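A quick write-up on the structure given underneath.
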Amino acid sequence: MAGKVKWVTDIEKSVLINNFEKRGWIQVAENEDWNFYWMSVQTIRNVFSVETGYRLSDDQIVNHFPNHYELTRKDLMVKNIKRYRKELEKEGSPLAEKDENGKYIYLDFVPVTFMLPADYNLFVEEFRKNPSSTWIMKPCGKAQGKGIFLINKLSQIKKWSRDSKTSSFVSQSSKEAYVISLYINNPLLIGGKKFDLRLYVLVSTYRPLRCYMYKLGFCRFCTVKYTPSTSELDNMFVHLTNVAIQKHGDDYNHIHGGKWTVSNLRLYLESTRGKEVTNKLFDEIHWIIVQSLKAVAPVMNNDKHCFECYGYDIIIDDKLKPWLIEVNASPSLTSSTANDRILKYNLINDTLNIAVPNGEIPDCKWNKSPPKEVLGNYEVLYDEEMAQSDGTDRDLRGRPGQSPGVKGSRTRDSGKPVLTTWK
């Protein structure tokens, strides 16, 4: 039918998904007039490169923003969040309020992080304040747990050398930068094992910011019980939840893949910690996600042809405080279990129904606020245009000590209802 999407068959789509990371792009929908392509980040760089001289036409929609890396590179994410904090501080926003120790009350949602080699001296100064702390080192541009290791002594990072003349810290490889973050050594454990959350967030536009939360996220568990013992710092089956690592463990379960649905986590927490505490935790997770998107919105190239489905990694500590660990530009669409395949199939389907409403021919100029009936398992997380028209953002920012935009209309402290920006 002209003007409607002819979806590829289930088998074809499965093959495409399984080959996602092996190809520069995969075709996920087609009809007589147009094709829809799911592109890799490298292909997106080529599409938007000034050297290629390529220009997208109105009926071409792509699945990454040109400079998505402002959020998805570990070092740039931290840099943009730090800049966002400082800007709010200059504005006198209550969001940037600090406690008596100089720590942000509301914006303390990423672990203390430094860039190496650039911030080596600052890191050493911080390390010496608490020499018994553990830190985690990650290469800025890699995924799936590659190149990650833990340290608790300065001598353990001597693979980088010191320039004796300048006392500056230099990497043996100028190509690769690392981030080093304070390790969350008190994670919430279930069955004695560490886990994190993989949540999917769709952004259809950054200016105005409009984002959607996917309801069907999951928890990824380690296969070996957690211990903070320094003798186990090298055991990645204890510390890293990445499936790419855990699937090689002796205790990896190929049936459930070491995964729980978010809804199962909710039920567990409600039964062990109570419903109110659980709701507050998820409100804070949603709030963190929106703040991270607001942090990069001013620098993001908000191309009208683009949308993006991010994979957010969140860790919860034993005090039920959520921490943003990283954001993935290309969350894995391969499936490790039957349930995984269903989830990711629905994720792609629901994402495309928002990006290409009703299967119509794409038009980059159309209204990017689709009707509720096409959202599927997505729900609107934040709509800046609606929030501003209601005056909610302004009202909440003027209320010291309150947490703006917390879904479910609660504050962090008092539990009293406040206006919400979640429309």
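Ordering of the structure tokens sets the chain letters (A, B, ...); residue numbers start at 1 within each chain; ligands are numbered from 1 in the order shown.
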
Which parts of range 53-154 of chain A does DSSP call strand (DSSP E) when run on the backbone here, written out as a list of chain:residue names?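 Restricting range 53-154 of chain A to strand (DSSP E) produces A:Thr113, A:Phe114, A:Met115, A:Leu116, A:Trp135, A:Ile136, A:Met137, A:Lys138, A:Pro139, A:Phe149, A:Leu150, A:Ile151.
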
Could the residues of range 170-230 of chain A that have an atom at most 12 Å from range 267-275 of chain A be listed as JSON lines, each with its closest atom pair and the distance in Å to one decimal, counting only C-alpha atoms and ordered by chain and ascending residue number?
```
{"residue": "A:Leu188", "atom": "CA", "partner": "A:Leu269", "partner_atom": "CA", "distance": 10.7}
{"residue": "A:Leu189", "atom": "CA", "partner": "A:Leu269", "partner_atom": "CA", "distance": 11.4}
{"residue": "A:Ile190", "atom": "CA", "partner": "A:Tyr268", "partner_atom": "CA", "distance": 9.3}
{"residue": "A:Gly191", "atom": "CA", "partner": "A:Tyr268", "partner_atom": "CA", "distance": 11.5}
```

For the residues selected in the previous step, produce a file with N, CA, C and O atoms as a JSON list (two decimals), in the first residue's frame.
```json
[["chain", "number", "residue", "atom", "x", "y", "z"],
["A", 188, "LEU", "N", 23.88, -2.21, 45.73],
["A", 188, "LEU", "CA", 22.76, -3.02, 46.20],
["A", 188, "LEU", "C", 22.95, -4.42, 45.64],
["A", 188, "LEU", "O", 23.20, -4.60, 44.45],
["A", 189, "LEU", "N", 22.86, -5.41, 46.51],
["A", 189, "LEU", "CA", 23.05, -6.81, 46.09],
["A", 189, "LEU", "C", 21.72, -7.56, 46.16],
["A", 189, "LEU", "O", 20.91, -7.32, 47.05],
["A", 190, "ILE", "N", 21.52, -8.45, 45.23],
["A", 190, "ILE", "CA", 20.38, -9.37, 45.27],
["A", 190, "ILE", "C", 20.95, -10.76, 45.12],
["A", 190, "ILE", "O", 21.66, -11.05, 44.14],
["A", 191, "GLY", "N", 20.69, -11.61, 46.11],
["A", 191, "GLY", "CA", 21.30, -12.94, 46.10],
["A", 191, "GLY", "C", 22.80, -12.87, 46.23],
["A", 191, "GLY", "O", 23.52, -13.76, 45.77]]
```

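For range 49-56 of chain A, the list of residues within 10 Å, based on only C-alpha atoms and with local chain neighbours fewer than 4 positions off taken out, reads A:Thr43, A:Ile44, A:Arg45, A:Gln60, A:Ile61, A:Val62, A:Pro66, A:Lys304, A:His305, A:Cys364.
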
As an exercise, work out the distance from CA of Phe282 in chain A to CA of Pro322 in chain A in Å and give it to one decimal place.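 Separating CA of Phe282 in chain A from CA of Pro322 in chain A is a distance of 8.6 Å.
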
Using CA of Ser204 in chain A and CA of Ile285 in chain A as the two end points, give the distance in Å to one decimal. 19.8 Å

Of the candidates A:Leu107, A:Leu324, A:Ile289, A:Leu347, which one gets nearest to Gly217 in chain A if we count only C-alpha atoms?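 Closest residue, counting only C-alpha atoms: A:Leu347.
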
Top pick for closest residue to Thr278 in chain A, considering A:Leu116, A:Ala338, A:Val124, A:Ile316 and counting only C-alpha atoms: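 Among the listed residues, A:Ile316 lies closest to Thr278 in chain A.
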
Could you pull the residues within 6 Å of Thr134 in chain A, counting only C-alpha atoms, minus those fewer than 2 positions along the same chain, as a PDB file with C-alpha atoms, in the first residue's frame?
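Written out: around.pdb:
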```pdb
ATOM      1  CA  ILE A 151      42.809  -0.023  41.095  1.00  0.00           C
ATOM      2  CA  ASN A 152      43.360   0.834  44.745  1.00  0.00           C
ATOM      3  CA  TYR A 183      34.093   2.827  42.285  1.00  0.00           C
TER       4      TYR A 183
END
```

If you run DSSP on the backbone, which residues of range 104-160 of chain A are alpha helix (DSSP H), as JSON, numbers by chain? {"A": [120, 121, 122, 123, 124, 125, 126, 127, 128, 129]}

Please write the residues from the selection above to a file, keeping N, CA, C and O atoms, as an mmCIF file, in the first residue's frame.
```cif
data_model
loop_
_atom_site.group_PDB
_atom_site.id
_atom_site.type_symbol
_atom_site.label_atom_id
_atom_site.label_comp_id
_atom_site.auth_asym_id
_atom_site.auth_seq_id
_atom_site.Cartn_x
_atom_site.Cartn_y
_atom_site.Cartn_z
ATOM 1 N N TYR A 120 45.474 13.914 35.696
ATOM 2 C CA TYR A 120 46.188 12.995 36.588
ATOM 3 C C TYR A 120 46.525 13.635 37.930
ATOM 4 O O TYR A 120 46.315 13.037 38.993
ATOM 5 N N ASN A 121 47.054 14.839 37.928
ATOM 6 C CA ASN A 121 47.444 15.486 39.188
ATOM 7 C C ASN A 121 46.237 15.748 40.089
ATOM 8 O O ASN A 121 46.323 15.610 41.318
ATOM 9 N N LEU A 122 45.108 16.131 39.475
ATOM 10 C CA LEU A 122 43.883 16.323 40.260
ATOM 11 C C LEU A 122 43.413 15.003 40.860
ATOM 12 O O LEU A 122 42.954 14.942 42.007
ATOM 13 N N PHE A 123 43.541 13.926 40.065
ATOM 14 C CA PHE A 123 43.150 12.601 40.564
ATOM 15 C C PHE A 123 44.011 12.200 41.763
ATOM 16 O O PHE A 123 43.492 11.716 42.778
ATOM 17 N N VAL A 124 45.325 12.401 41.663
ATOM 18 C CA VAL A 124 46.241 12.032 42.746
ATOM 19 C C VAL A 124 45.866 12.779 44.023
ATOM 20 O O VAL A 124 45.837 12.211 45.122
ATOM 21 N N GLU A 125 45.547 14.062 43.872
ATOM 22 C CA GLU A 125 45.149 14.883 45.029
ATOM 23 C C GLU A 125 43.897 14.304 45.690
ATOM 24 O O GLU A 125 43.820 14.191 46.914
ATOM 25 N N GLU A 126 42.917 13.906 44.867
ATOM 26 C CA GLU A 126 41.676 13.322 45.393
ATOM 27 C C GLU A 126 41.946 11.949 45.997
ATOM 28 O O GLU A 126 41.405 11.606 47.059
ATOM 29 N N PHE A 127 42.784 11.158 45.348
ATOM 30 C CA PHE A 127 43.087 9.805 45.823
ATOM 31 C C PHE A 127 43.707 9.852 47.219
ATOM 32 O O PHE A 127 43.387 9.033 48.085
ATOM 33 N N ARG A 128 44.581 10.817 47.434
ATOM 34 C CA ARG A 128 45.292 10.897 48.712
ATOM 35 C C ARG A 128 44.399 11.334 49.868
ATOM 36 O O ARG A 128 44.754 11.149 51.032
ATOM 37 N N LYS A 129 43.245 11.912 49.540
ATOM 38 C CA LYS A 129 42.284 12.258 50.598
ATOM 39 C C LYS A 129 41.689 11.000 51.217
ATOM 40 O O LYS A 129 41.309 10.979 52.376
#
```

From the set A:Arg85, A:Gln246, A:Cys222, A:Leu320, which residue has the shortest atom-to-atom contact distance to Lys103 in chain A, counting only C-alpha atoms?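 Going through A:Arg85, A:Gln246, A:Cys222, A:Leu320 one by one, the smallest distance to Lys103 in chain A is for A:Arg85.
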
Extract, using only C-alpha atoms, all DNA, RNA and protein residues at most 12 Å from Asn63 in chain A, discarding same-chain residues fewer than 6 positions from it, and format them as a VMD selection string. chain A and resid 25 to 28 36 to 45 47 202 to 205 303 to 310 329 to 330 348 351 to 352 354 to 356

Take the residues from that selection and put them in a file with C-alpha atoms, as a PDB file, in the first residue's frame.
```
ATOM      1  CA  TRP A  25      23.622  -0.083   8.437  1.00  0.00           C
ATOM      2  CA  ILE A  26      20.641  -2.405   8.377  1.00  0.00           C
ATOM      3  CA  GLN A  27      17.410  -1.905   6.466  1.00  0.00           C
ATOM      4  CA  VAL A  28      14.457  -2.414   8.780  1.00  0.00           C
ATOM      5  CA  PHE A  36      14.327   3.155   6.402  1.00  0.00           C
ATOM      6  CA  TYR A  37      17.860   2.378   7.564  1.00  0.00           C
ATOM      7  CA  TRP A  38      19.166   1.741  11.078  1.00  0.00           C
ATOM      8  CA  MET A  39      22.714   3.092  10.880  1.00  0.00           C
ATOM      9  CA  SER A  40      25.834   2.530  12.931  1.00  0.00           C
ATOM     10  CA  VAL A  41      27.536   5.499  14.581  1.00  0.00           C
ATOM     11  CA  GLN A  42      30.372   5.309  12.054  1.00  0.00           C
ATOM     12  CA  THR A  43      27.932   5.541   9.143  1.00  0.00           C
ATOM     13  CA  ILE A  44      26.266   8.535  10.802  1.00  0.00           C
ATOM     14  CA  ARG A  45      29.662  10.253  11.047  1.00  0.00           C
ATOM     15  CA  VAL A  47      26.616  10.955   6.503  1.00  0.00           C
ATOM     16  CA  LEU A 202      14.216   7.617  23.082  1.00  0.00           C
ATOM     17  CA  VAL A 203      14.893  11.278  22.231  1.00  0.00           C
ATOM     18  CA  SER A 204      12.933  12.638  19.278  1.00  0.00           C
ATOM     19  CA  THR A 205      14.207  16.219  19.593  1.00  0.00           C
ATOM     20  CA  ASP A 303      19.201  17.924  13.296  1.00  0.00           C
ATOM     21  CA  LYS A 304      15.547  17.586  12.279  1.00  0.00           C
ATOM     22  CA  HIS A 305      16.237  14.270  10.494  1.00  0.00           C
ATOM     23  CA  CYS A 306      17.434  12.576  13.687  1.00  0.00           C
ATOM     24  CA  PHE A 307      16.154  10.621  16.640  1.00  0.00           C
ATOM     25  CA  GLU A 308      18.081   8.427  19.073  1.00  0.00           C
ATOM     26  CA  CYS A 309      17.461   5.410  21.289  1.00  0.00           C
ATOM     27  CA  TYR A 310      20.000   5.446  24.134  1.00  0.00           C
ATOM     28  CA  ALA A 329      24.722   5.252  21.606  1.00  0.00           C
ATOM     29  CA  SER A 330      24.322   1.739  20.189  1.00  0.00           C
ATOM     30  CA  ILE A 348      12.700  -1.630  17.605  1.00  0.00           C
ATOM     31  CA  THR A 351      10.857   3.055  18.357  1.00  0.00           C
ATOM     32  CA  LEU A 352      10.020   3.018  14.657  1.00  0.00           C
ATOM     33  CA  ILE A 354       7.328   6.900  17.100  1.00  0.00           C
ATOM     34  CA  ALA A 355       9.989   7.872  14.549  1.00  0.00           C
ATOM     35  CA  VAL A 356       7.699   7.035  11.618  1.00  0.00           C
TER      36      VAL A 356
END
```
